[in-house]
Amino acid sequence: MLKEQIKARPGLQELARAAARATGRVTASARMTPSFLIVGAQRCGTTSMYKTLAQHPRVLPAVLHKGAHYFDTGYGHGPAWYRGHFPLLASARRAAVDGQLPITGESSPYYMFHPLAGRRIAADLPGVRLLVLLRDPVERAYSAHTHETARGFETEPFEKALELEPVRLAGEEAKLIADPAYQSHSHQHHAYITRGRYAEQLARLEGIFGRDRMHVVDSQRFFTDPEPVFAAVTDFLGIGTAPGISFEKHNARPRSPMPESLRAALEDQLAASDAELESWLGHPPTWRT
């Protein structure tokens with residue numbers, strides 16, 4: 001009953017989270033360290049992948065919510081605050097399967113795009129593995145606009161927002177790099193096309209982590225033929241397959257069709273970036289075949 005009351009009242013939910021964070025800080029040294037991060041891309045199925053992984057008996061999900069947003073907008077909170085998001089080591093020992101401890105992780109899709117997140121992750125979580133999900137970047141941009149509008153972070157129609165994007169983002173990445181405490185509303189919420197230039201973001205992460213610690217998923221394949229795609233993910237994480245996993249879409253938002261002329265223009269803009277993805281995916285992106 002108490003959980004239902006908390007979910008129904010956002011104020012109570014935030015109070016409960018604040019209390020949990022306070023407890024987490026105090027018990028940080030007794031908590032698990034994440035073994036994997038889903039770092040992006042936004043609106044590419046990251047929630048669905050995380051919730052699918054959370055069903056695996058060798059995975060204990062974060063205890064507060066799926067995304068801590070520590071390495072992008074919350075780094076000033078400190079490592080104890082971050083560790084407080086994860087299960088207790090005692091819980092991991094109780095959940096051991098055949099003597100193998102479970103792993104934990106989180107999903108914060110701004111990590112992939114934030115210019116400082118990668119190096120922060122590498123410094124604080126040596127050995128962590130990164131999962132990246134990608135979808136048609138044109139559809140991703142349209143979906144992101146719908147999402148940001150629904151959340152109150154966008155007031156312009158899609159085509160106007162695309163027109164404004166270069167102005168909104170001008171100089172913002174440089175400010176983020178120059179001042180680690182700086183947070184950019186437009187960089188986080190208004191980068192519709194820029195976030196879809198996946199290849200340059202992957203190259204930045206590769207320079208920090210190397211390809212062997214990164215696994216890139218074509219989201220369309222995950223949604224249309226999930227079993228082999230998910231098996232490759234669990235193999236990458238070293239946890240093996242498990243029975244009884246259900247595959248569902250989460251966090252989708254309905255929207256009207258995009259004008260075909262606009263779609264074609266955006267596809268042309270993103271063609272060069274898309275062409276570089278085959279070496280990451282092992283096949284041409286589904287949206288280009």
# chains A, B, ... in the order shown; residues from 1 in each chain; ligands from 1
call {"tool": "select_by_dssp", "arguments": {"residues": "region 69-248 of chain A", "states": "helix (DSSP H, G or I)", "output": "MDAnalysis selection string"}}
result
chainID A and resid 75:77 79:83 89:94 117:124 137:150 158:169 172:178 185:189 194:196 198:209 211:213 219:224 226:237
call {"tool": "residues_around", "arguments": {"residues": "His65 (chain A)", "least_positions_apart": "4", "cutoff": "10 Å", "atoms": "only C-alpha atoms", "output": "list in words"}}
result
Arg17, Pro61, His85, Phe86, Glu106 and Ser107 of chain A
call {"tool": "select_by_dssp", "arguments": {"residues": "region 45-288 of chain A", "states": "strand (DSSP E)", "output": "ChimeraX atom specification"}}
result
/A:105-107,129-134,214-218
call {"tool": "closest_residue", "arguments": {"among": "A:Thr27, A:Arg43, A:Arg151, A:Gln188", "to": "Leu169 (chain A)", "atoms": "only C-alpha atoms"}}
result
A:Gln188
call {"tool": "atom_distance", "arguments": {"atom1": "CA of Asp98 (chain A)", "atom2": "CA of Pro228 (chain A)"}}
result
24.2 Å
call {"tool": "atom_distance", "arguments": {"atom1": "CA of Ala28 (chain A)", "atom2": "CA of Pro87 (chain A)"}}
result
9.6 Å
call {"tool": "residues_around", "arguments": {"residues": "Arg263 (chain A)", "least_positions_apart": "4", "cutoff": "10 Å", "atoms": "only C-alpha atoms", "output": "MDAnalysis selection string"}}
result
chainID A and resid 138:139 142 257:259 267:269
call {"tool": "write_last_selection", "arguments": {"atoms": "N, CA, C and O atoms", "output": "PDB file, in the first residue's frame"}}
result
ATOM      1  N   VAL A 138      17.181  10.218 -37.563  1.00  0.00           N
ATOM      2  CA  VAL A 138      16.090  11.136 -37.907  1.00  0.00           C
ATOM      3  C   VAL A 138      14.892  10.859 -37.006  1.00  0.00           C
ATOM      4  O   VAL A 138      14.288  11.776 -36.446  1.00  0.00           O
ATOM      5  N   GLU A 139      14.543   9.587 -36.866  1.00  0.00           N
ATOM      6  CA  GLU A 139      13.460   9.221 -35.958  1.00  0.00           C
ATOM      7  C   GLU A 139      13.819   9.561 -34.517  1.00  0.00           C
ATOM      8  O   GLU A 139      12.962   9.957 -33.723  1.00  0.00           O
ATOM      9  N   TYR A 142      13.160  13.264 -33.950  1.00  0.00           N
ATOM     10  CA  TYR A 142      11.722  13.549 -33.853  1.00  0.00           C
ATOM     11  C   TYR A 142      11.162  13.051 -32.523  1.00  0.00           C
ATOM     12  O   TYR A 142      10.372  13.732 -31.865  1.00  0.00           O
ATOM     13  N   PRO A 257       3.129  11.584 -38.118  1.00  0.00           N
ATOM     14  CA  PRO A 257       4.198  11.299 -39.084  1.00  0.00           C
ATOM     15  C   PRO A 257       4.999  12.554 -39.443  1.00  0.00           C
ATOM     16  O   PRO A 257       4.480  13.672 -39.436  1.00  0.00           O
ATOM     17  N   MET A 258       6.256  12.362 -39.733  1.00  0.00           N
ATOM     18  CA  MET A 258       7.118  13.450 -40.168  1.00  0.00           C
ATOM     19  C   MET A 258       6.926  13.694 -41.655  1.00  0.00           C
ATOM     20  O   MET A 258       6.799  12.740 -42.430  1.00  0.00           O
ATOM     21  N   PRO A 259       6.893  14.946 -42.107  1.00  0.00           N
ATOM     22  CA  PRO A 259       6.814  15.213 -43.555  1.00  0.00           C
ATOM     23  C   PRO A 259       7.970  14.548 -44.296  1.00  0.00           C
ATOM     24  O   PRO A 259       9.124  14.626 -43.870  1.00  0.00           O
ATOM     25  N   GLU A 267      17.962  12.987 -43.560  1.00  0.00           N
ATOM     26  CA  GLU A 267      18.731  11.790 -43.896  1.00  0.00           C
ATOM     27  C   GLU A 267      19.993  12.153 -44.660  1.00  0.00           C
ATOM     28  O   GLU A 267      21.063  11.556 -44.445  1.00  0.00           O
ATOM     29  N   ASP A 268      19.899  13.130 -45.552  1.00  0.00           N
ATOM     30  CA  ASP A 268      21.081  13.577 -46.292  1.00  0.00           C
ATOM     31  C   ASP A 268      22.120  14.168 -45.343  1.00  0.00           C
ATOM     32  O   ASP A 268      23.322  13.921 -45.492  1.00  0.00           O
ATOM     33  N   GLN A 269      21.673  14.956 -44.370  1.00  0.00           N
ATOM     34  CA  GLN A 269      22.591  15.566 -43.410  1.00  0.00           C
ATOM     35  C   GLN A 269      23.360  14.519 -42.612  1.00  0.00           C
ATOM     36  O   GLN A 269      24.520  14.726 -42.245  1.00  0.00           O
TER      37      GLN A 269
END
call {"tool": "closest_residue", "arguments": {"among": "A:Ser91, A:Thr155, A:Thr149, A:Ser35", "to": "Gly105 (chain A)", "atoms": "only C-alpha atoms"}}
result
A:Ser35
call {"tool": "residues_around", "arguments": {"residues": "region 211-226 of chain A", "least_positions_apart": "3", "cutoff": "6 Å", "atoms": "only C-alpha atoms", "output": "PyMOL selection string"}}
result
chain A and resi 129-135+206+229-230
call {"tool": "decode", "arguments": {"residues": "region 176-205 of chain A", "atoms": "N, CA, C and O atoms", "output": "mmCIF file, in the first residue's frame"}}
result
data_model
loop_
_atom_site.group_PDB
_atom_site.id
_atom_site.type_symbol
_atom_site.label_atom_id
_atom_site.label_comp_id
_atom_site.auth_asym_id
_atom_site.auth_seq_id
_atom_site.Cartn_x
_atom_site.Cartn_y
_atom_site.Cartn_z
ATOM 1 N N LEU A 176 31.024 23.650 -21.257
ATOM 2 C CA LEU A 176 30.986 22.460 -20.412
ATOM 3 C C LEU A 176 32.399 21.960 -20.120
ATOM 4 O O LEU A 176 32.693 21.522 -18.997
ATOM 5 N N ILE A 177 33.269 22.023 -21.116
ATOM 6 C CA ILE A 177 34.645 21.567 -20.935
ATOM 7 C C ILE A 177 35.423 22.542 -20.052
ATOM 8 O O ILE A 177 36.208 22.123 -19.185
ATOM 9 N N ALA A 178 35.204 23.820 -20.244
ATOM 10 C CA ALA A 178 35.951 24.831 -19.494
ATOM 11 C C ALA A 178 35.551 24.888 -18.025
ATOM 12 O O ALA A 178 36.385 25.162 -17.155
ATOM 13 N N ASP A 179 34.292 24.631 -17.737
ATOM 14 C CA ASP A 179 33.787 24.730 -16.362
ATOM 15 C C ASP A 179 33.056 23.439 -16.011
ATOM 16 O O ASP A 179 31.896 23.254 -16.391
ATOM 17 N N PRO A 180 33.696 22.527 -15.281
ATOM 18 C CA PRO A 180 33.064 21.246 -14.956
ATOM 19 C C PRO A 180 31.760 21.375 -14.184
ATOM 20 O O PRO A 180 30.952 20.435 -14.188
ATOM 21 N N ALA A 181 31.518 22.512 -13.556
ATOM 22 C CA ALA A 181 30.278 22.696 -12.807
ATOM 23 C C ALA A 181 29.149 23.241 -13.679
ATOM 24 O O ALA A 181 27.992 23.289 -13.239
ATOM 25 N N TYR A 182 29.472 23.647 -14.903
ATOM 26 C CA TYR A 182 28.471 24.247 -15.783
ATOM 27 C C TYR A 182 27.495 23.191 -16.294
ATOM 28 O O TYR A 182 27.880 22.059 -16.598
ATOM 29 N N GLN A 183 26.228 23.552 -16.363
ATOM 30 C CA GLN A 183 25.211 22.693 -16.952
ATOM 31 C C GLN A 183 24.498 23.469 -18.049
ATOM 32 O O GLN A 183 24.115 24.618 -17.849
ATOM 33 N N SER A 184 24.331 22.832 -19.188
ATOM 34 C CA SER A 184 23.738 23.487 -20.359
ATOM 35 C C SER A 184 22.380 22.884 -20.659
ATOM 36 O O SER A 184 22.284 21.714 -21.056
ATOM 37 N N HIS A 185 21.342 23.676 -20.499
ATOM 38 C CA HIS A 185 19.986 23.205 -20.785
ATOM 39 C C HIS A 185 19.847 22.817 -22.255
ATOM 40 O O HIS A 185 19.321 21.740 -22.573
ATOM 41 N N SER A 186 20.331 23.647 -23.150
ATOM 42 C CA SER A 186 20.175 23.360 -24.575
ATOM 43 C C SER A 186 21.017 22.175 -25.007
ATOM 44 O O SER A 186 20.584 21.356 -25.825
ATOM 45 N N HIS A 187 22.234 22.045 -24.484
ATOM 46 C CA HIS A 187 23.075 20.913 -24.851
ATOM 47 C C HIS A 187 22.407 19.605 -24.446
ATOM 48 O O HIS A 187 22.467 18.612 -25.175
ATOM 49 N N GLN A 188 21.732 19.593 -23.318
ATOM 50 C CA GLN A 188 21.079 18.381 -22.846
ATOM 51 C C GLN A 188 19.725 18.135 -23.507
ATOM 52 O O GLN A 188 19.374 16.981 -23.780
ATOM 53 N N HIS A 189 18.978 19.208 -23.798
ATOM 54 C CA HIS A 189 17.582 19.034 -24.198
ATOM 55 C C HIS A 189 17.252 19.445 -25.630
ATOM 56 O O HIS A 189 16.162 19.131 -26.115
ATOM 57 N N HIS A 190 18.151 20.143 -26.336
ATOM 58 C CA HIS A 190 17.807 20.685 -27.648
ATOM 59 C C HIS A 190 18.729 20.214 -28.768
ATOM 60 O O HIS A 190 18.700 20.776 -29.861
ATOM 61 N N ALA A 191 19.529 19.179 -28.527
ATOM 62 C CA ALA A 191 20.484 18.707 -29.539
ATOM 63 C C ALA A 191 19.870 17.576 -30.351
ATOM 64 O O ALA A 191 20.275 16.424 -30.262
ATOM 65 N N TYR A 192 18.917 17.913 -31.176
ATOM 66 C CA TYR A 192 18.145 16.891 -31.888
ATOM 67 C C TYR A 192 18.960 16.197 -32.970
ATOM 68 O O TYR A 192 19.082 14.971 -32.970
ATOM 69 N N ILE A 193 19.520 16.954 -33.889
ATOM 70 C CA ILE A 193 20.334 16.374 -34.952
ATOM 71 C C ILE A 193 21.743 16.071 -34.462
ATOM 72 O O ILE A 193 22.322 15.032 -34.798
ATOM 73 N N THR A 194 22.295 16.920 -33.645
ATOM 74 C CA THR A 194 23.681 16.752 -33.193
ATOM 75 C C THR A 194 23.854 15.462 -32.413
ATOM 76 O O THR A 194 24.862 14.771 -32.552
ATOM 77 N N ARG A 195 22.882 15.091 -31.613
ATOM 78 C CA ARG A 195 22.976 13.831 -30.861
ATOM 79 C C ARG A 195 22.902 12.620 -31.784
ATOM 80 O O ARG A 195 23.333 11.536 -31.414
ATOM 81 N N GLY A 196 22.353 12.826 -32.969
ATOM 82 C CA GLY A 196 22.250 11.728 -33.928
ATOM 83 C C GLY A 196 23.503 11.510 -34.746
ATOM 84 O O GLY A 196 23.554 10.571 -35.550
ATOM 85 N N ARG A 197 24.510 12.340 -34.559
ATOM 86 C CA ARG A 197 25.802 12.100 -35.210
ATOM 87 C C ARG A 197 26.580 11.131 -34.324
ATOM 88 O O ARG A 197 27.518 11.497 -33.619
ATOM 89 N N TYR A 198 26.170 9.893 -34.386
ATOM 90 C CA TYR A 198 26.668 8.883 -33.453
ATOM 91 C C TYR A 198 28.152 8.604 -33.611
ATOM 92 O O TYR A 198 28.851 8.350 -32.624
ATOM 93 N N ALA A 199 28.648 8.598 -34.843
ATOM 94 C CA ALA A 199 30.017 8.138 -35.098
ATOM 95 C C ALA A 199 31.043 8.953 -34.321
ATOM 96 O O ALA A 199 31.993 8.389 -33.754
ATOM 97 N N GLU A 200 30.869 10.259 -34.266
ATOM 98 C CA GLU A 200 31.869 11.071 -33.567
ATOM 99 C C GLU A 200 31.814 10.848 -32.056
ATOM 100 O O GLU A 200 32.847 10.906 -31.375
ATOM 101 N N GLN A 201 30.625 10.562 -31.520
ATOM 102 C CA GLN A 201 30.510 10.265 -30.090
ATOM 103 C C GLN A 201 31.135 8.916 -29.761
ATOM 104 O O GLN A 201 31.811 8.756 -28.735
ATOM 105 N N LEU A 202 30.927 7.929 -30.638
ATOM 106 C CA LEU A 202 31.541 6.627 -30.436
ATOM 107 C C LEU A 202 33.064 6.723 -30.526
ATOM 108 O O LEU A 202 33.791 6.076 -29.757
ATOM 109 N N ALA A 203 33.555 7.529 -31.446
ATOM 110 C CA ALA A 203 35.000 7.687 -31.596
ATOM 111 C C ALA A 203 35.611 8.305 -30.336
ATOM 112 O O ALA A 203 36.712 7.907 -29.909
ATOM 113 N N ARG A 204 34.911 9.253 -29.742
ATOM 114 C CA ARG A 204 35.414 9.861 -28.508
ATOM 115 C C ARG A 204 35.510 8.821 -27.395
ATOM 116 O O ARG A 204 36.508 8.738 -26.676
ATOM 117 N N LEU A 205 34.461 8.012 -27.247
ATOM 118 C CA LEU A 205 34.473 6.982 -26.211
ATOM 119 C C LEU A 205 35.516 5.903 -26.507
ATOM 120 O O LEU A 205 36.174 5.394 -25.591
#
